[in-house]
Amino acid sequence: MVKDHRTNYETGNGNAVMDGDLNPFINAYLQWELAQKNPD
């Protein structure tokens, strides 16, 4: 299990993350950052 506590994104596929599959984490971060800049 790999977790990003800032964005609350997590995945159970730790091997994929270690192999460089970071796109879901990057997307979660970008969505989180946008939400921080534009709170509703």
# chains A, B, ... in the order shown; residues from 1 in each chain; ligands from 1
>>> residues_around(residues="A:Leu30", least_positions_apart="5", cutoff="12 Å", atoms="only C-alpha atoms", output="ChimeraX atom specification")
/A:6-7,9,23-25,35-37
>>> residues_around(residues="A:Asn13", least_positions_apart="4", cutoff="8 Å", atoms="only C-alpha atoms", output="PyMOL selection string")
chain A and resi 1-2+17
>>> select_by_dssp(residues="chain A", states="strand (DSSP E)", output="ChimeraX atom specification")
/A:2-4,9-11
>>> write_last_selection(atoms="N, CA and C atoms", output="mmCIF file, in the first residue's frame")
data_model
loop_
_atom_site.group_PDB
_atom_site.id
_atom_site.type_symbol
_atom_site.label_atom_id
_atom_site.label_comp_id
_atom_site.auth_asym_id
_atom_site.auth_seq_id
_atom_site.Cartn_x
_atom_site.Cartn_y
_atom_site.Cartn_z
ATOM 1 N N VAL A 2 0.608 2.138 -0.904
ATOM 2 C CA VAL A 2 1.329 3.410 -0.994
ATOM 3 C C VAL A 2 0.290 4.512 -0.845
ATOM 4 N N LYS A 3 0.555 5.453 0.060
ATOM 5 C CA LYS A 3 -0.404 6.521 0.349
ATOM 6 C C LYS A 3 0.252 7.883 0.220
ATOM 7 N N ASP A 4 -0.524 8.839 -0.266
ATOM 8 C CA ASP A 4 -0.137 10.247 -0.239
ATOM 9 C C ASP A 4 -1.080 10.915 0.756
ATOM 10 N N TYR A 9 -4.726 10.130 -1.699
ATOM 11 C CA TYR A 9 -4.706 9.104 -2.747
ATOM 12 C C TYR A 9 -3.915 7.913 -2.237
ATOM 13 N N GLU A 10 -4.398 6.717 -2.547
ATOM 14 C CA GLU A 10 -3.665 5.518 -2.168
ATOM 15 C C GLU A 10 -3.865 4.433 -3.216
ATOM 16 N N THR A 11 -2.897 3.547 -3.292
ATOM 17 C CA THR A 11 -2.970 2.415 -4.203
ATOM 18 C C THR A 11 -2.393 1.193 -3.508
#
>>> select_by_dssp(residues="chain A", states="helix (DSSP H, G or I)", output="ChimeraX atom specification")
/A:14-18,23-37
